[in-house]
Amino acid sequence: MATTTIPPQVPKKTNRLGLDSSAYKGNRSTLCAGCGHNAISERIIEAFYEMGVEPHRVTKLSGIGCSSKSPAYFLGSAYGCNAVHGRMPSIASGTMLANRNLIALGVSGDGDTASIGIGQFVHLMRRNIPMIYIIEDNGVYGLTKGQFSATADLGSKLKSGVINDLPPIDTCALAIQLGATYVARSFSGDKRQLSALMKGAVAHQGTAMLDVISPCVTFNDHEGSTKSYSFVKDHDEPLQDVSFVPFFEEITVDYDPGTTVDVTLHDGSRLLLRKLGADYDPTSKTEALRVLTEAHDRGEIVTGLFYIDTKAPNFLQLLNVVDEPLATLPESRVRPPKHVLDEIMEELK
Amino acid sequence: MAILPVTANEVSRVAEGERVVNDLNIQVATVNGSGSNTANTVLLRALFQMGIPVSGKNLFPSNIAGLPTWFTIRVSKQGYVARRSEIDILVAMNPETAEEDVRGLRPGSAVVYDERLNLKRLRHDLTFYSVPFDQLVAPICPEAKLRKLVRNMIYDGVLAKLLGIDMEEIRIGLQKQFRKKAKAIDLNFNAARVGYEYAEKHLPKADRFSVERMDSARGKILIEGNAAAALGAMFAGVTVVTWYPITPSSSLCETLIDYMKRYRIDPETGKATFAIVQAEDELASLGMALGAGWAGARSMTATAGPGISLMAEFTGFGYYAEIPAVIFDVQRVGPSTGLPTRTQQGDVLSTAFLSHGDTKHPLFFPCSVEECFTMAIEAFDLAEGLQTPVFVLTDLDLGMNVWMSDPFPYPEKPMQRGKVLTEEDIKRLGGFERYRDVDGDGVGYRTLPGTPHPAAGYFTRGSGHNEKAIYSERPEDYVHNMDRLTRKFETVRERVPGPVIKENGVADLGIIAYGTSHWAVAESVDQLDQEHGLKADYCRLRAFPFAPQVADFVRRHPRVYVVDQNRDAQMYQLLRLELGPDEVKKLRTVRYYAGLPLDARTVTDAIVSEEVKK
């Protein structure tokens, strides 16, 4: 009797919700091959999958630009809102006001954030609204074919030979000064560091601002650019070696408390920051701003977690809103009864 | 005085020497920041409490302190509450404007003035009452700092004596104003009392004007339009309010904050069933309102013309991505910064078509404080029902002035939250297409972010999309979607409140007006009839797009005057766009755009001068 060989069923790898990674994927990217943004999308998929976040709780928010197109390329079953140029912060804020159970993931670019959207960006940072704010930072406008953005470094050169003669806006320094409570910079090519910082951002419950240098292969990856793959690789100075331990896993690594800062995040997850050079205290704004300024003066790109504050109240706590989503409160809780109107009318007589 | 031009052909309403009861116009001229608000409000209240129909108009500068301001109280036994330009009694407290104010008066008017101004020399055909304010205030107010504020109450006392206002009503008015602050009530009442006593001793009655108790204002309330709209929003169940301060809309949100803190805190948890955020600008305030509307909250913002300009971009997004939000536009005088503290209906066209591309938006035109309340509730139902931004257009006159009204009706209908699919719906249906016109009314079904089903999520975007909410640049997808939005706008037409039409059967002409013009037009209809024998039918628009009754009204009349408080006849233009050529031919325009509330005489004169030509 002939026998058919049944290939052994390999159990599909799933996360703690029992979902496999396909539940976290999106449409195929239409960005250029090799675009740093695609690597960031992969880290987002990985972080939400590994953290076991329910995709329906996630709202992906963006403005306009190459970066802002990317939310279509991850977490396909999540909600998305691709708003107008530079205005994602207000849409994100309104969304979180309406439903505090959501997890807001904003994806912006350097033009969308540091130029047209700088007004909304700085006020978002002040409010400490619980959300993740990623800047996919390549120093140029890609969709309009390669003009400088406001994060382009002084002296950086366009393909056309045009030299940037204005100083850059450091979005991390701004965010720290203004009150963001989780501020980091990373590089789309540094898979390990970005992955840990991304998961830390998911665990954090205030504004987590991640500026990710993400080279534009088409318009800003040439000799003379300070946002090219080779330049960033050569000038990347990691502040710490960052590891992330999710709240649902036992800590298995040994670490030396003398060389490693252990940060416990809101959901119980931990970030282990092993020092690579001098001591660094990520709870000090002054330290953070000094490190950023000094690296800038040296022409180096310092990456890592610059600043964290897990104690500051977030905006929803400050507003003292009810625990349930405002969006779906029943009429009985949002329309005062008739006697209230009668009472008010009596006062006005 | 230039700000209140007296119409040249104004006829004296009463014969010389005849007593005039409950039909007068009091104007108080002061300096802003001098605390005259209390004295003026209390005076208005006292008259109101006597059951006499009153209206108050505050003409104030865009300034904190030191510039001229005028408060006008119209007392009208017929119940007319529009501005009347002719002043009967002037209270002259401001040295800078006093002479000009006095020169502008009609013969037979009366002037109560600060002795130091020595106004009597200016005219011989007026009645002058000189009052030594400083001398009177010093003994009753030892604290020099407070004197400036308290001395205005003296004219309340003087007028009470001269006109026959019950001093007890002044006291009650003060109690309303200061609530439980007994010291402030006593201090101010004392000032009114010394005014009254001074008038009793030194100012023999020499003018014709007086007031008497009536029954017409009984049971009514006094409220500003902004406060009425705020109450409407609260009873509409608003949960997210985002705003940026701008005159004349700021008091809408500020009053709303007060009411929400009183009535919308969860008794069990002490937590708020709302979020109110002062945004960084109007771009962000509408952005937050739309973000909240997208996520399912009843959201709103309030602004004025300059804010509307900034909201253009997001309004187009709301229209195309189909997100509800209510925008209160308390109109002021444009263009640009314009006259920030004057009134106009200047945003009709800009809001109707706000943003680039083919866009159009539902507009509500409340004319009264009661409609500020009821239309606020309707606007939220419409915004969520039609999934689109909805504008409520009030103006500075309605928003910031105090109006008499019947008490507001409690909403009869439950909140209409529109077509929202739940997790169970999605399970049953197996999925949904966000922009598919399932019901033929142009309105698709939506789910709210957070709905726990893998097929519930969708992608909202301001870029081209198909029925499935997927990015599309295909010409047929674009046209299909835009045509559906047109269909949706026709559904809006069926759902917005139709016009209020007042016909008398044998009309010579028709008048179309909207918003606060109503009060001047209603009075003008009477003037046209009584003074000129012209019978006019009146159609008051309450919303855009227009209901079919509007075209019918135009068809039934040989000539129809469209009254606009703006230079470019904006409502007339909007009607031209919506009506057929035969109807358009019948339209005439009456335009007033000087920034003061419209008065009946302006409307009557404009119509009569056209009618005599025919």
# chains A, B, ... in the order shown; residues from 1 in each chain; ligands from 1

call {"tool": "interface_residues", "arguments": {"of": "chain B", "to": "chain A", "cutoff": "8 Å", "atoms": "only C-alpha atoms", "output": "MDAnalysis selection string"}}
result
chainID B and resid 219:223 234:240 263:264 266 269 271:276 280 283:285 287:298 313:314 317 407:408 410 414:415 449:462

call {"tool": "atom_distance", "arguments": {"atom1": "atom CA of Met300 of chain B", "atom2": "atom CA of Val326 of chain B"}}
result
4.6 Å

call {"tool": "residues_around", "arguments": {"residues": "Asp552 of chain B", "least_positions_apart": "3", "cutoff": "12 Å", "atoms": "only C-alpha atoms", "output": "list in words"}}
result
Pro499, Ile501, Gly510, Cys539, Phe546, Ala547, Pro548, Gln549, Arg555, Arg556, His557, Val560, Leu579, Gly580, Asp582 and Glu583 of chain B

call {"tool": "residues_around", "arguments": {"residues": "Ala160 of chain B", "least_positions_apart": "3", "cutoff": "9 Å", "atoms": "only C-alpha atoms", "output": "list in words"}}
result
Leu43, Tyr155, Asp156, Gly157, Leu163, Gly164, Ile165, Asp166, Met167, Ile170, Ala192, Gly195 and Tyr196 of chain B

call {"tool": "decode", "arguments": {"residues": "segment 115-262 of chain B", "atoms": "C-alpha atoms", "output": "PDB file, in the first residue's frame"}}
result
ATOM      1  CA  GLU B 115     -21.809 117.768  36.071  1.00  0.00           C
ATOM      2  CA  ARG B 116     -18.161 118.348  35.134  1.00  0.00           C
ATOM      3  CA  LEU B 117     -18.959 117.934  31.448  1.00  0.00           C
ATOM      4  CA  ASN B 118     -21.090 121.085  31.391  1.00  0.00           C
ATOM      5  CA  LEU B 119     -23.159 119.890  28.440  1.00  0.00           C
ATOM      6  CA  LYS B 120     -26.183 122.113  28.912  1.00  0.00           C
ATOM      7  CA  ARG B 121     -24.577 124.884  26.891  1.00  0.00           C
ATOM      8  CA  LEU B 122     -24.630 122.762  23.732  1.00  0.00           C
ATOM      9  CA  ARG B 123     -28.341 122.576  22.968  1.00  0.00           C
ATOM     10  CA  HIS B 124     -31.578 124.294  23.900  1.00  0.00           C
ATOM     11  CA  ASP B 125     -33.996 121.688  22.584  1.00  0.00           C
ATOM     12  CA  LEU B 126     -33.091 118.883  25.001  1.00  0.00           C
ATOM     13  CA  THR B 127     -33.813 118.201  28.639  1.00  0.00           C
ATOM     14  CA  PHE B 128     -30.620 118.209  30.698  1.00  0.00           C
ATOM     15  CA  TYR B 129     -30.152 116.554  34.080  1.00  0.00           C
ATOM     16  CA  SER B 130     -26.833 117.441  35.672  1.00  0.00           C
ATOM     17  CA  VAL B 131     -25.545 115.022  38.319  1.00  0.00           C
ATOM     18  CA  PRO B 132     -22.459 115.617  40.520  1.00  0.00           C
ATOM     19  CA  PHE B 133     -21.254 112.006  40.379  1.00  0.00           C
ATOM     20  CA  ASP B 134     -17.962 112.515  42.233  1.00  0.00           C
ATOM     21  CA  GLN B 135     -19.565 114.470  44.994  1.00  0.00           C
ATOM     22  CA  LEU B 136     -22.244 111.815  45.459  1.00  0.00           C
ATOM     23  CA  VAL B 137     -19.967 108.784  45.366  1.00  0.00           C
ATOM     24  CA  ALA B 138     -17.336 109.958  47.890  1.00  0.00           C
ATOM     25  CA  PRO B 139     -19.404 109.657  51.091  1.00  0.00           C
ATOM     26  CA  ILE B 140     -20.875 106.241  50.268  1.00  0.00           C
ATOM     27  CA  CYS B 141     -17.655 104.677  49.013  1.00  0.00           C
ATOM     28  CA  PRO B 142     -14.742 105.477  51.323  1.00  0.00           C
ATOM     29  CA  GLU B 143     -12.417 103.207  49.367  1.00  0.00           C
ATOM     30  CA  ALA B 144     -11.112 105.464  46.614  1.00  0.00           C
ATOM     31  CA  LYS B 145     -10.118 102.541  44.402  1.00  0.00           C
ATOM     32  CA  LEU B 146     -13.713 101.324  44.133  1.00  0.00           C
ATOM     33  CA  ARG B 147     -15.265 104.701  43.390  1.00  0.00           C
ATOM     34  CA  LYS B 148     -14.650 104.539  39.682  1.00  0.00           C
ATOM     35  CA  LEU B 149     -16.597 101.286  39.529  1.00  0.00           C
ATOM     36  CA  VAL B 150     -19.393 102.219  41.894  1.00  0.00           C
ATOM     37  CA  ARG B 151     -20.161 105.721  40.590  1.00  0.00           C
ATOM     38  CA  ASN B 152     -21.860 104.314  37.502  1.00  0.00           C
ATOM     39  CA  MET B 153     -24.551 102.827  39.706  1.00  0.00           C
ATOM     40  CA  ILE B 154     -25.598 106.369  40.527  1.00  0.00           C
ATOM     41  CA  TYR B 155     -27.112 106.825  37.069  1.00  0.00           C
ATOM     42  CA  ASP B 156     -29.218 103.719  37.624  1.00  0.00           C
ATOM     43  CA  GLY B 157     -30.729 105.511  40.638  1.00  0.00           C
ATOM     44  CA  VAL B 158     -31.192 108.772  38.740  1.00  0.00           C
ATOM     45  CA  LEU B 159     -32.905 106.968  35.852  1.00  0.00           C
ATOM     46  CA  ALA B 160     -35.030 104.961  38.276  1.00  0.00           C
ATOM     47  CA  LYS B 161     -36.410 108.218  39.669  1.00  0.00           C
ATOM     48  CA  LEU B 162     -36.778 109.954  36.319  1.00  0.00           C
ATOM     49  CA  LEU B 163     -38.396 107.028  34.493  1.00  0.00           C
ATOM     50  CA  GLY B 164     -40.299 105.357  37.283  1.00  0.00           C
ATOM     51  CA  ILE B 165     -38.231 102.186  37.763  1.00  0.00           C
ATOM     52  CA  ASP B 166     -38.917 100.473  41.051  1.00  0.00           C
ATOM     53  CA  MET B 167     -35.785 100.646  43.252  1.00  0.00           C
ATOM     54  CA  GLU B 168     -36.624  97.197  44.603  1.00  0.00           C
ATOM     55  CA  GLU B 169     -36.057  95.864  41.077  1.00  0.00           C
ATOM     56  CA  ILE B 170     -32.631  97.517  41.071  1.00  0.00           C
ATOM     57  CA  ARG B 171     -31.854  95.671  44.280  1.00  0.00           C
ATOM     58  CA  ILE B 172     -33.016  92.350  42.831  1.00  0.00           C
ATOM     59  CA  GLY B 173     -30.988  93.062  39.713  1.00  0.00           C
ATOM     60  CA  LEU B 174     -27.908  93.568  41.872  1.00  0.00           C
ATOM     61  CA  GLN B 175     -28.589  90.335  43.736  1.00  0.00           C
ATOM     62  CA  LYS B 176     -28.695  88.491  40.407  1.00  0.00           C
ATOM     63  CA  GLN B 177     -25.452  90.140  39.380  1.00  0.00           C
ATOM     64  CA  PHE B 178     -23.462  89.592  42.557  1.00  0.00           C
ATOM     65  CA  ARG B 179     -25.273  86.477  43.813  1.00  0.00           C
ATOM     66  CA  LYS B 180     -24.171  86.075  47.440  1.00  0.00           C
ATOM     67  CA  LYS B 181     -21.687  88.927  47.689  1.00  0.00           C
ATOM     68  CA  ALA B 182     -23.684  90.981  50.201  1.00  0.00           C
ATOM     69  CA  LYS B 183     -21.037  93.680  50.558  1.00  0.00           C
ATOM     70  CA  ALA B 184     -20.942  94.383  46.836  1.00  0.00           C
ATOM     71  CA  ILE B 185     -24.738  94.424  46.654  1.00  0.00           C
ATOM     72  CA  ASP B 186     -24.977  96.951  49.530  1.00  0.00           C
ATOM     73  CA  LEU B 187     -22.255  99.192  48.175  1.00  0.00           C
ATOM     74  CA  ASN B 188     -23.789  99.320  44.717  1.00  0.00           C
ATOM     75  CA  PHE B 189     -27.323  99.692  45.942  1.00  0.00           C
ATOM     76  CA  ASN B 190     -26.254 102.616  48.134  1.00  0.00           C
ATOM     77  CA  ALA B 191     -24.844 104.311  45.063  1.00  0.00           C
ATOM     78  CA  ALA B 192     -28.118 103.811  43.200  1.00  0.00           C
ATOM     79  CA  ARG B 193     -29.988 105.114  46.222  1.00  0.00           C
ATOM     80  CA  VAL B 194     -28.006 108.362  46.442  1.00  0.00           C
ATOM     81  CA  GLY B 195     -28.671 108.842  42.725  1.00  0.00           C
ATOM     82  CA  TYR B 196     -32.362 108.310  43.276  1.00  0.00           C
ATOM     83  CA  GLU B 197     -32.451 110.706  46.232  1.00  0.00           C
ATOM     84  CA  TYR B 198     -30.464 113.332  44.377  1.00  0.00           C
ATOM     85  CA  ALA B 199     -32.887 113.195  41.462  1.00  0.00           C
ATOM     86  CA  GLU B 200     -35.818 113.353  43.850  1.00  0.00           C
ATOM     87  CA  LYS B 201     -34.466 116.560  45.401  1.00  0.00           C
ATOM     88  CA  HIS B 202     -32.780 118.313  42.516  1.00  0.00           C
ATOM     89  CA  LEU B 203     -34.014 117.022  39.165  1.00  0.00           C
ATOM     90  CA  PRO B 204     -37.653 117.857  38.482  1.00  0.00           C
ATOM     91  CA  LYS B 205     -39.053 115.659  35.708  1.00  0.00           C
ATOM     92  CA  ALA B 206     -39.015 117.627  32.465  1.00  0.00           C
ATOM     93  CA  ASP B 207     -38.936 114.991  29.687  1.00  0.00           C
ATOM     94  CA  ARG B 208     -41.738 112.851  28.277  1.00  0.00           C
ATOM     95  CA  PHE B 209     -40.394 109.376  28.838  1.00  0.00           C
ATOM     96  CA  SER B 210     -41.393 106.910  31.483  1.00  0.00           C
ATOM     97  CA  VAL B 211     -41.877 103.200  32.156  1.00  0.00           C
ATOM     98  CA  GLU B 212     -44.705 101.265  33.769  1.00  0.00           C
ATOM     99  CA  ARG B 213     -45.098  97.647  34.785  1.00  0.00           C
ATOM    100  CA  MET B 214     -46.317  95.286  32.071  1.00  0.00           C
ATOM    101  CA  ASP B 215     -46.930  91.585  31.742  1.00  0.00           C
ATOM    102  CA  SER B 216     -45.013  90.928  28.540  1.00  0.00           C
ATOM    103  CA  ALA B 217     -41.705  89.727  29.936  1.00  0.00           C
ATOM    104  CA  ARG B 218     -43.137  87.525  32.655  1.00  0.00           C
ATOM    105  CA  GLY B 219     -41.748  83.995  32.754  1.00  0.00           C
ATOM    106  CA  LYS B 220     -39.004  84.902  30.306  1.00  0.00           C
ATOM    107  CA  ILE B 221     -35.276  84.506  30.706  1.00  0.00           C
ATOM    108  CA  LEU B 222     -32.392  86.823  29.847  1.00  0.00           C
ATOM    109  CA  ILE B 223     -29.353  85.259  28.225  1.00  0.00           C
ATOM    110  CA  GLU B 224     -26.596  85.890  25.678  1.00  0.00           C
ATOM    111  CA  GLY B 225     -26.521  83.841  22.483  1.00  0.00           C
ATOM    112  CA  ASN B 226     -23.114  82.407  23.298  1.00  0.00           C
ATOM    113  CA  ALA B 227     -24.374  81.115  26.639  1.00  0.00           C
ATOM    114  CA  ALA B 228     -27.466  79.721  24.911  1.00  0.00           C
ATOM    115  CA  ALA B 229     -25.320  77.905  22.347  1.00  0.00           C
ATOM    116  CA  ALA B 230     -23.142  76.575  25.176  1.00  0.00           C
ATOM    117  CA  LEU B 231     -26.217  75.194  26.914  1.00  0.00           C
ATOM    118  CA  GLY B 232     -27.325  73.677  23.626  1.00  0.00           C
ATOM    119  CA  ALA B 233     -23.965  71.951  23.277  1.00  0.00           C
ATOM    120  CA  MET B 234     -24.155  70.599  26.811  1.00  0.00           C
ATOM    121  CA  PHE B 235     -27.670  69.236  26.327  1.00  0.00           C
ATOM    122  CA  ALA B 236     -26.613  67.871  22.954  1.00  0.00           C
ATOM    123  CA  GLY B 237     -24.238  65.659  24.913  1.00  0.00           C
ATOM    124  CA  VAL B 238     -21.007  67.131  23.591  1.00  0.00           C
ATOM    125  CA  THR B 239     -17.961  65.301  24.938  1.00  0.00           C
ATOM    126  CA  VAL B 240     -14.952  66.936  23.279  1.00  0.00           C
ATOM    127  CA  VAL B 241     -14.634  70.713  22.984  1.00  0.00           C
ATOM    128  CA  THR B 242     -11.529  72.254  21.468  1.00  0.00           C
ATOM    129  CA  TRP B 243     -11.177  75.970  20.984  1.00  0.00           C
ATOM    130  CA  TYR B 244      -8.933  78.944  20.582  1.00  0.00           C
ATOM    131  CA  PRO B 245      -9.864  82.298  22.128  1.00  0.00           C
ATOM    132  CA  ILE B 246     -11.214  84.834  19.661  1.00  0.00           C
ATOM    133  CA  THR B 247     -13.720  87.652  19.973  1.00  0.00           C
ATOM    134  CA  PRO B 248     -16.687  87.284  19.817  1.00  0.00           C
ATOM    135  CA  SER B 249     -16.780  83.508  20.351  1.00  0.00           C
ATOM    136  CA  SER B 250     -14.636  83.068  23.479  1.00  0.00           C
ATOM    137  CA  SER B 251     -17.528  83.405  25.918  1.00  0.00           C
ATOM    138  CA  LEU B 252     -19.284  80.490  24.221  1.00  0.00           C
ATOM    139  CA  CYS B 253     -16.587  78.050  25.319  1.00  0.00           C
ATOM    140  CA  GLU B 254     -15.939  79.789  28.619  1.00  0.00           C
ATOM    141  CA  THR B 255     -19.610  79.571  29.566  1.00  0.00           C
ATOM    142  CA  LEU B 256     -19.636  75.965  28.418  1.00  0.00           C
ATOM    143  CA  ILE B 257     -16.687  75.209  30.718  1.00  0.00           C
ATOM    144  CA  ASP B 258     -18.624  76.655  33.672  1.00  0.00           C
ATOM    145  CA  TYR B 259     -21.766  74.684  32.926  1.00  0.00           C
ATOM    146  CA  MET B 260     -19.916  71.436  32.223  1.00  0.00           C
ATOM    147  CA  LYS B 261     -18.039  71.712  35.521  1.00  0.00           C
ATOM    148  CA  ARG B 262     -21.366  72.099  37.292  1.00  0.00           C
TER     149      ARG B 262
END
